[in-house]
Structure formats: structure tokens, C-alpha cells
file work_14.cif (mmCIF, N, CA and C atoms)
data_coords
#
loop_
_atom_site.label_atom_id
_atom_site.label_comp_id
_atom_site.auth_asym_id
_atom_site.auth_seq_id
_atom_site.Cartn_x
_atom_site.Cartn_y
_atom_site.Cartn_z
N MET J 1 54.46 67.99 3.41
CA MET J 1 54.61 66.55 3.48
C MET J 1 54.76 66.00 2.06
N GLU J 2 55.79 65.18 1.83
CA GLU J 2 56.06 64.64 0.51
C GLU J 2 55.34 63.32 0.31
N SER J 3 54.74 63.13 -0.89
CA SER J 3 53.98 61.91 -1.20
C SER J 3 54.92 60.84 -1.77
N ASN J 4 54.64 59.58 -1.43
CA ASN J 4 55.40 58.46 -1.97
C ASN J 4 54.77 57.91 -3.25
N LEU J 5 53.71 58.55 -3.73
CA LEU J 5 53.04 58.11 -4.95
C LEU J 5 53.86 58.49 -6.16
N PRO J 6 53.82 57.66 -7.23
CA PRO J 6 54.55 58.03 -8.45
C PRO J 6 53.88 59.25 -9.09
N PRO J 7 54.62 60.00 -9.88
CA PRO J 7 54.04 61.18 -10.52
C PRO J 7 52.95 60.76 -11.51
N LEU J 8 51.98 61.61 -11.71
CA LEU J 8 50.91 61.34 -12.66
C LEU J 8 51.48 61.35 -14.07
N PRO J 9 50.97 60.46 -14.94
CA PRO J 9 51.49 60.42 -16.31
C PRO J 9 51.11 61.69 -17.08
N VAL J 10 51.97 62.06 -18.03
CA VAL J 10 51.71 63.23 -18.87
C VAL J 10 51.96 62.83 -20.33
N GLY J 11 51.53 63.64 -21.28
CA GLY J 11 51.80 63.41 -22.70
C GLY J 11 51.21 62.11 -23.20
N ASN J 12 51.98 61.38 -24.02
CA ASN J 12 51.52 60.11 -24.60
C ASN J 12 51.20 59.09 -23.53
N HIS J 13 51.96 59.09 -22.46
CA HIS J 13 51.69 58.14 -21.38
C HIS J 13 50.31 58.40 -20.78
N HIS J 14 49.98 59.66 -20.59
CA HIS J 14 48.67 60.03 -20.05
C HIS J 14 47.57 59.60 -21.02
N LEU J 15 47.76 59.89 -22.32
CA LEU J 15 46.78 59.51 -23.32
C LEU J 15 46.60 58.00 -23.36
N ALA J 16 47.70 57.25 -23.34
CA ALA J 16 47.63 55.78 -23.35
C ALA J 16 46.89 55.27 -22.13
N THR J 17 47.12 55.89 -20.99
CA THR J 17 46.42 55.49 -19.76
C THR J 17 44.92 55.71 -19.91
N GLN J 18 44.53 56.84 -20.47
CA GLN J 18 43.11 57.13 -20.66
C GLN J 18 42.47 56.14 -21.63
N ILE J 19 43.15 55.86 -22.74
CA ILE J 19 42.62 54.92 -23.74
C ILE J 19 42.50 53.52 -23.14
N ALA J 20 43.47 53.12 -22.34
CA ALA J 20 43.45 51.78 -21.73
C ALA J 20 42.23 51.60 -20.83
N TYR J 21 41.81 52.65 -20.19
CA TYR J 21 40.67 52.57 -19.27
C TYR J 21 39.34 52.84 -19.95
N ASP J 22 39.34 53.42 -21.15
CA ASP J 22 38.10 53.71 -21.85
C ASP J 22 38.29 53.44 -23.33
N SER J 23 37.90 52.25 -23.79
CA SER J 23 38.16 51.84 -25.17
C SER J 23 37.45 52.71 -26.19
N THR J 24 36.44 53.49 -25.79
CA THR J 24 35.77 54.38 -26.74
C THR J 24 36.67 55.53 -27.16
N LEU J 25 37.75 55.74 -26.44
CA LEU J 25 38.71 56.80 -26.78
C LEU J 25 39.78 56.32 -27.75
N SER J 26 39.75 55.06 -28.08
CA SER J 26 40.80 54.47 -28.90
C SER J 26 40.96 55.21 -30.23
N ILE J 27 42.18 55.62 -30.52
CA ILE J 27 42.45 56.34 -31.76
C ILE J 27 43.60 55.70 -32.54
N HIS J 28 44.04 54.53 -32.14
CA HIS J 28 45.14 53.90 -32.85
C HIS J 28 44.61 52.93 -33.90
N ARG J 29 45.41 52.72 -34.93
CA ARG J 29 45.03 51.81 -36.01
C ARG J 29 45.45 50.39 -35.66
N SER J 30 44.67 49.45 -36.14
CA SER J 30 45.00 48.05 -35.89
C SER J 30 45.81 47.44 -37.04
N PHE J 31 45.84 48.11 -38.18
CA PHE J 31 46.53 47.61 -39.36
C PHE J 31 46.07 46.20 -39.71
N SER J 32 44.79 45.94 -39.59
CA SER J 32 44.26 44.60 -39.80
C SER J 32 44.48 44.11 -41.23
N ILE J 33 44.42 45.00 -42.22
CA ILE J 33 44.66 44.57 -43.60
C ILE J 33 46.11 44.14 -43.77
N LEU J 34 47.04 44.93 -43.23
CA LEU J 34 48.46 44.55 -43.32
C LEU J 34 48.74 43.27 -42.55
N ASN J 35 48.13 43.12 -41.39
CA ASN J 35 48.31 41.88 -40.62
C ASN J 35 47.77 40.68 -41.39
N THR J 36 46.63 40.86 -42.04
CA THR J 36 46.05 39.76 -42.81
C THR J 36 46.93 39.43 -44.01
N LEU J 37 47.43 40.47 -44.71
CA LEU J 37 48.36 40.22 -45.83
C LEU J 37 49.60 39.49 -45.35
N ASN J 38 50.14 39.92 -44.24
CA ASN J 38 51.33 39.27 -43.69
C ASN J 38 51.05 37.80 -43.38
N LEU J 39 49.89 37.53 -42.80
CA LEU J 39 49.51 36.15 -42.50
C LEU J 39 49.40 35.33 -43.78
N LEU J 40 48.80 35.90 -44.82
CA LEU J 40 48.68 35.19 -46.09
C LEU J 40 50.04 34.92 -46.72
N TYR J 41 50.96 35.90 -46.63
CA TYR J 41 52.31 35.69 -47.15
C TYR J 41 53.04 34.59 -46.36
N LEU J 42 52.86 34.60 -45.05
CA LEU J 42 53.47 33.54 -44.24
C LEU J 42 52.91 32.17 -44.64
N GLN J 43 51.60 32.11 -44.87
CA GLN J 43 50.99 30.84 -45.29
C GLN J 43 51.57 30.38 -46.63
N THR J 44 51.75 31.32 -47.54
CA THR J 44 52.32 30.99 -48.85
C THR J 44 53.75 30.47 -48.70
N GLU J 45 54.54 31.14 -47.88
CA GLU J 45 55.91 30.69 -47.64
C GLU J 45 55.94 29.30 -47.01
N LEU J 46 55.08 29.10 -46.01
CA LEU J 46 55.05 27.80 -45.35
C LEU J 46 54.58 26.69 -46.29
N ALA J 47 53.59 26.98 -47.13
CA ALA J 47 53.12 25.97 -48.09
C ALA J 47 54.23 25.61 -49.06
N SER J 48 55.00 26.61 -49.49
CA SER J 48 56.11 26.35 -50.39
C SER J 48 57.19 25.49 -49.72
N LEU J 49 57.50 25.82 -48.47
CA LEU J 49 58.49 25.03 -47.73
C LEU J 49 57.98 23.61 -47.49
N GLU J 50 56.68 23.49 -47.21
CA GLU J 50 56.09 22.16 -47.00
C GLU J 50 56.23 21.32 -48.26
N ASP J 51 55.97 21.91 -49.41
CA ASP J 51 56.12 21.21 -50.68
C ASP J 51 57.57 20.81 -50.92
N ARG J 52 58.50 21.73 -50.66
CA ARG J 52 59.93 21.43 -50.84
C ARG J 52 60.35 20.28 -49.92
N LEU J 53 59.91 20.34 -48.67
CA LEU J 53 60.28 19.29 -47.71
C LEU J 53 59.73 17.93 -48.13
N LEU J 54 58.51 17.91 -48.62
CA LEU J 54 57.92 16.64 -49.08
C LEU J 54 58.72 16.07 -50.25
N ARG J 55 59.09 16.93 -51.20
CA ARG J 55 59.91 16.45 -52.34
C ARG J 55 61.26 15.92 -51.86
N LEU J 56 61.89 16.64 -50.93
CA LEU J 56 63.19 16.20 -50.41
C LEU J 56 63.07 14.87 -49.68
N GLU J 57 62.02 14.73 -48.88
CA GLU J 57 61.82 13.48 -48.15
C GLU J 57 61.54 12.32 -49.11
N ASN J 58 60.73 12.56 -50.12
CA ASN J 58 60.45 11.51 -51.11
C ASN J 58 61.72 11.08 -51.83
N ARG J 59 62.56 12.06 -52.19
CA ARG J 59 63.82 11.74 -52.87
C ARG J 59 64.75 10.97 -51.94
N ALA J 60 64.83 11.42 -50.66
CA ALA J 60 65.75 10.78 -49.71
C ALA J 60 65.29 9.38 -49.35
N ASN J 61 63.98 9.15 -49.36
CA ASN J 61 63.46 7.84 -48.94
C ASN J 61 63.12 6.94 -50.11
N ARG J 62 63.56 7.30 -51.30
CA ARG J 62 63.29 6.48 -52.48
C ARG J 62 63.84 5.07 -52.26
N GLY J 63 63.02 4.09 -52.55
CA GLY J 63 63.45 2.71 -52.39
C GLY J 63 63.06 2.10 -51.06
N LEU J 64 62.64 2.92 -50.10
CA LEU J 64 62.20 2.40 -48.81
C LEU J 64 60.70 2.16 -48.87
N ASN J 65 60.23 1.17 -48.10
CA ASN J 65 58.79 0.95 -48.12
C ASN J 65 58.11 1.95 -47.19
N GLU J 66 56.79 2.03 -47.28
CA GLU J 66 56.04 3.05 -46.54
C GLU J 66 56.12 2.89 -45.03
N TYR J 67 56.52 1.73 -44.55
CA TYR J 67 56.60 1.50 -43.11
C TYR J 67 58.00 1.70 -42.55
N SER J 68 58.93 2.13 -43.40
CA SER J 68 60.28 2.39 -42.93
C SER J 68 60.29 3.60 -42.01
N LEU J 69 61.19 3.56 -41.04
CA LEU J 69 61.34 4.70 -40.14
C LEU J 69 61.94 5.88 -40.89
N PRO J 70 61.63 7.09 -40.47
CA PRO J 70 62.23 8.26 -41.12
C PRO J 70 63.75 8.23 -41.00
N ARG J 71 64.38 8.88 -41.93
CA ARG J 71 65.84 8.94 -41.90
C ARG J 71 66.31 9.68 -40.65
N SER J 72 67.50 9.39 -40.24
CA SER J 72 68.03 10.03 -39.04
C SER J 72 68.37 11.50 -39.34
N TRP J 73 68.41 12.30 -38.28
CA TRP J 73 68.79 13.70 -38.44
C TRP J 73 70.20 13.82 -38.99
N ARG J 74 71.06 12.92 -38.57
CA ARG J 74 72.45 12.95 -39.05
C ARG J 74 72.48 12.77 -40.56
N ALA J 75 71.67 11.83 -41.06
CA ALA J 75 71.63 11.60 -42.50
C ALA J 75 71.05 12.80 -43.22
N MET J 76 70.04 13.43 -42.64
CA MET J 76 69.43 14.60 -43.27
C MET J 76 70.43 15.76 -43.35
N ARG J 77 71.25 15.90 -42.35
CA ARG J 77 72.22 17.00 -42.33
C ARG J 77 73.36 16.76 -43.30
N SER J 78 73.70 15.49 -43.55
CA SER J 78 74.85 15.20 -44.39
C SER J 78 74.53 15.28 -45.87
N GLU J 79 73.26 15.23 -46.23
CA GLU J 79 72.86 15.21 -47.64
C GLU J 79 72.80 16.62 -48.19
N ASN J 80 73.89 17.25 -48.38
CA ASN J 80 74.10 18.64 -48.80
C ASN J 80 73.35 19.65 -47.94
N GLY J 81 72.76 19.20 -46.86
CA GLY J 81 72.13 20.08 -45.89
C GLY J 81 70.82 20.71 -46.32
N GLU J 82 70.32 20.40 -47.51
CA GLU J 82 69.10 21.05 -48.00
C GLU J 82 67.88 20.70 -47.16
N MET J 83 67.76 19.44 -46.78
CA MET J 83 66.60 19.05 -45.97
C MET J 83 66.68 19.70 -44.59
N TRP J 84 67.84 19.66 -44.00
CA TRP J 84 68.03 20.25 -42.67
C TRP J 84 67.73 21.75 -42.72
N THR J 85 68.27 22.44 -43.71
CA THR J 85 68.05 23.88 -43.87
C THR J 85 66.56 24.17 -44.04
N THR J 86 65.88 23.36 -44.81
CA THR J 86 64.44 23.55 -45.02
C THR J 86 63.66 23.36 -43.73
N VAL J 87 64.00 22.34 -42.96
CA VAL J 87 63.34 22.10 -41.67
C VAL J 87 63.56 23.29 -40.74
N MET J 88 64.77 23.85 -40.73
CA MET J 88 65.05 25.00 -39.88
C MET J 88 64.26 26.24 -40.34
N GLU J 89 64.10 26.41 -41.65
CA GLU J 89 63.30 27.52 -42.16
C GLU J 89 61.83 27.36 -41.75
N VAL J 90 61.33 26.13 -41.84
CA VAL J 90 59.94 25.85 -41.44
C VAL J 90 59.76 26.19 -39.96
N ARG J 91 60.68 25.76 -39.13
CA ARG J 91 60.57 26.03 -37.69
C ARG J 91 60.52 27.53 -37.41
N LYS J 92 61.40 28.27 -38.08
CA LYS J 92 61.47 29.72 -37.87
C LYS J 92 60.15 30.39 -38.26
N LEU J 93 59.62 30.03 -39.42
CA LEU J 93 58.37 30.65 -39.88
C LEU J 93 57.17 30.20 -39.05
N LEU J 94 57.15 28.93 -38.64
CA LEU J 94 56.05 28.46 -37.80
C LEU J 94 56.01 29.18 -36.47
N LYS J 95 57.16 29.53 -35.96
CA LYS J 95 57.22 30.28 -34.70
C LYS J 95 56.55 31.63 -34.87
N VAL J 96 56.81 32.30 -35.98
CA VAL J 96 56.18 33.59 -36.27
C VAL J 96 54.69 33.40 -36.52
N TYR J 97 54.37 32.41 -37.36
CA TYR J 97 52.98 32.16 -37.76
C TYR J 97 52.11 31.80 -36.56
N SER J 98 52.63 31.03 -35.65
CA SER J 98 51.83 30.57 -34.52
C SER J 98 51.51 31.68 -33.52
N LYS J 99 52.18 32.83 -33.64
CA LYS J 99 51.89 33.94 -32.75
C LYS J 99 50.69 34.77 -33.21
N PHE J 100 50.21 34.52 -34.41
CA PHE J 100 49.03 35.24 -34.89
C PHE J 100 47.81 34.72 -34.16
N PRO J 101 47.01 35.62 -33.61
CA PRO J 101 45.78 35.17 -32.95
C PRO J 101 44.78 34.67 -33.98
N VAL J 102 44.01 33.69 -33.59
CA VAL J 102 42.95 33.18 -34.45
C VAL J 102 41.82 34.19 -34.42
N GLN J 103 41.46 34.71 -35.60
CA GLN J 103 40.40 35.71 -35.67
C GLN J 103 39.18 35.13 -36.37
N ARG J 104 38.05 35.34 -35.80
CA ARG J 104 36.79 34.90 -36.37
C ARG J 104 36.00 36.11 -36.85
N CYS J 105 35.38 35.99 -37.98
CA CYS J 105 34.56 37.11 -38.50
C CYS J 105 33.16 37.05 -37.94
#

call {"tool": "encode", "arguments": {"input": "work_14.cif", "output": "C-alpha cells"}}
result
Amino acid sequence: MESNLPPLPVGNHHLATQIAYDSTLSIHRSFSILNTLNLLYLQTELASLEDRLLRLENRANRGLNEYSLPRSWRAMRSENGEMWTTVMEVRKLLKVYSKFPVQRC
């Protein structure tokens, strides 16, 4: 009589199955130092972009009072595209940065 059950895992799949069910068998590295370094580099990049964006906005809004509405996206794109490009870089990096889990010591 033939069984309809899937075949039992072998090799790495078998090992991964065992580790998944018993965390004391875990033998993989978490690379926590590299992940932390990567997070710090992302923060540095984002801080730099934030500074650049603030300078660009201050330059673009020179002469407007503090209660003026922000410039339109069309105006930001037409001004040699630097502000628009910076905003797009910020969005891309924030997407990566926001995927990092919050870790508490």
C-alpha cells in the first residue's frame, strides 16, 4: 500500500527541521555584530540625507515665512532635481531601515 505522505526530509532540510523544533540544537550564526554595523551605517546615511534635505528645503524656501505651505512636488522636481532625488534616496533607505527589528539589551 502506497502512502500519500510527503517523503521525510534528509540532509540540510532534515537538520533545519530538527533545529526549528529544538532551539538548543541551533548552530547557525546570527551575525549580530554585522547587523548592528549595518544598522549604524544606515543611520549615518539617513542622517546625512536628512541634513542635505534640510539645507535644500531652507534654500528653496528662502524668503517665505515660517507659516508658508511647503513647495509643490512639481517645483521640487524642476529645481535641478536634487531635492526630489534626495527624497527618493531617503524613502529607499527608510524602507530598508524600517525592516530592522527593534532590539533591547

call {"tool": "atom_distance", "arguments": {"input": "work_14.cif", "atom1": "atom CA of Ser30 of chain J", "atom2": "atom CA of Gln43 of chain J"}}
result
20.5 Å

call {"tool": "resolve_selection", "arguments": {"input": "work_14.cif", "expression": "the PyMOL selection byres ((chain J and resi 49-56) around 8)", "output": "VMD selection string"}}
result
chain J and resid 43 to 48 57 to 62 82 to 83 86 to 87 89 to 90

call {"tool": "atom_distance", "arguments": {"input": "work_14.cif", "atom1": "atom N of Ser98 of chain J", "atom2": "atom N of Phe31 of chain J"}}
result
18.6 Å

call {"tool": "axis_aligned_box", "arguments": {"input": "work_14.cif", "around": "segment 28-38 of chain J", "padding_each_side": "6 Å", "output": "AutoDock Vina command-line options"}}
result
--center_x 47.7 --center_y 46.2 --center_z -39.0 --size_x 19.3 --size_y 28.7 --size_z 25.7

call {"tool": "atom_distance", "arguments": {"input": "work_14.cif", "atom1": "atom CA of Leu34 of chain J", "atom2": "atom CA of Asp22 of chain J"}}
result
25.5 Å

call {"tool": "select_by_dssp", "arguments": {"input": "work_14.cif", "residues": "segment 24-65 of chain J", "states": "helix (DSSP H, G or I)", "output": "PyMOL selection string"}}
result
chain J and resi 24-25+32-60
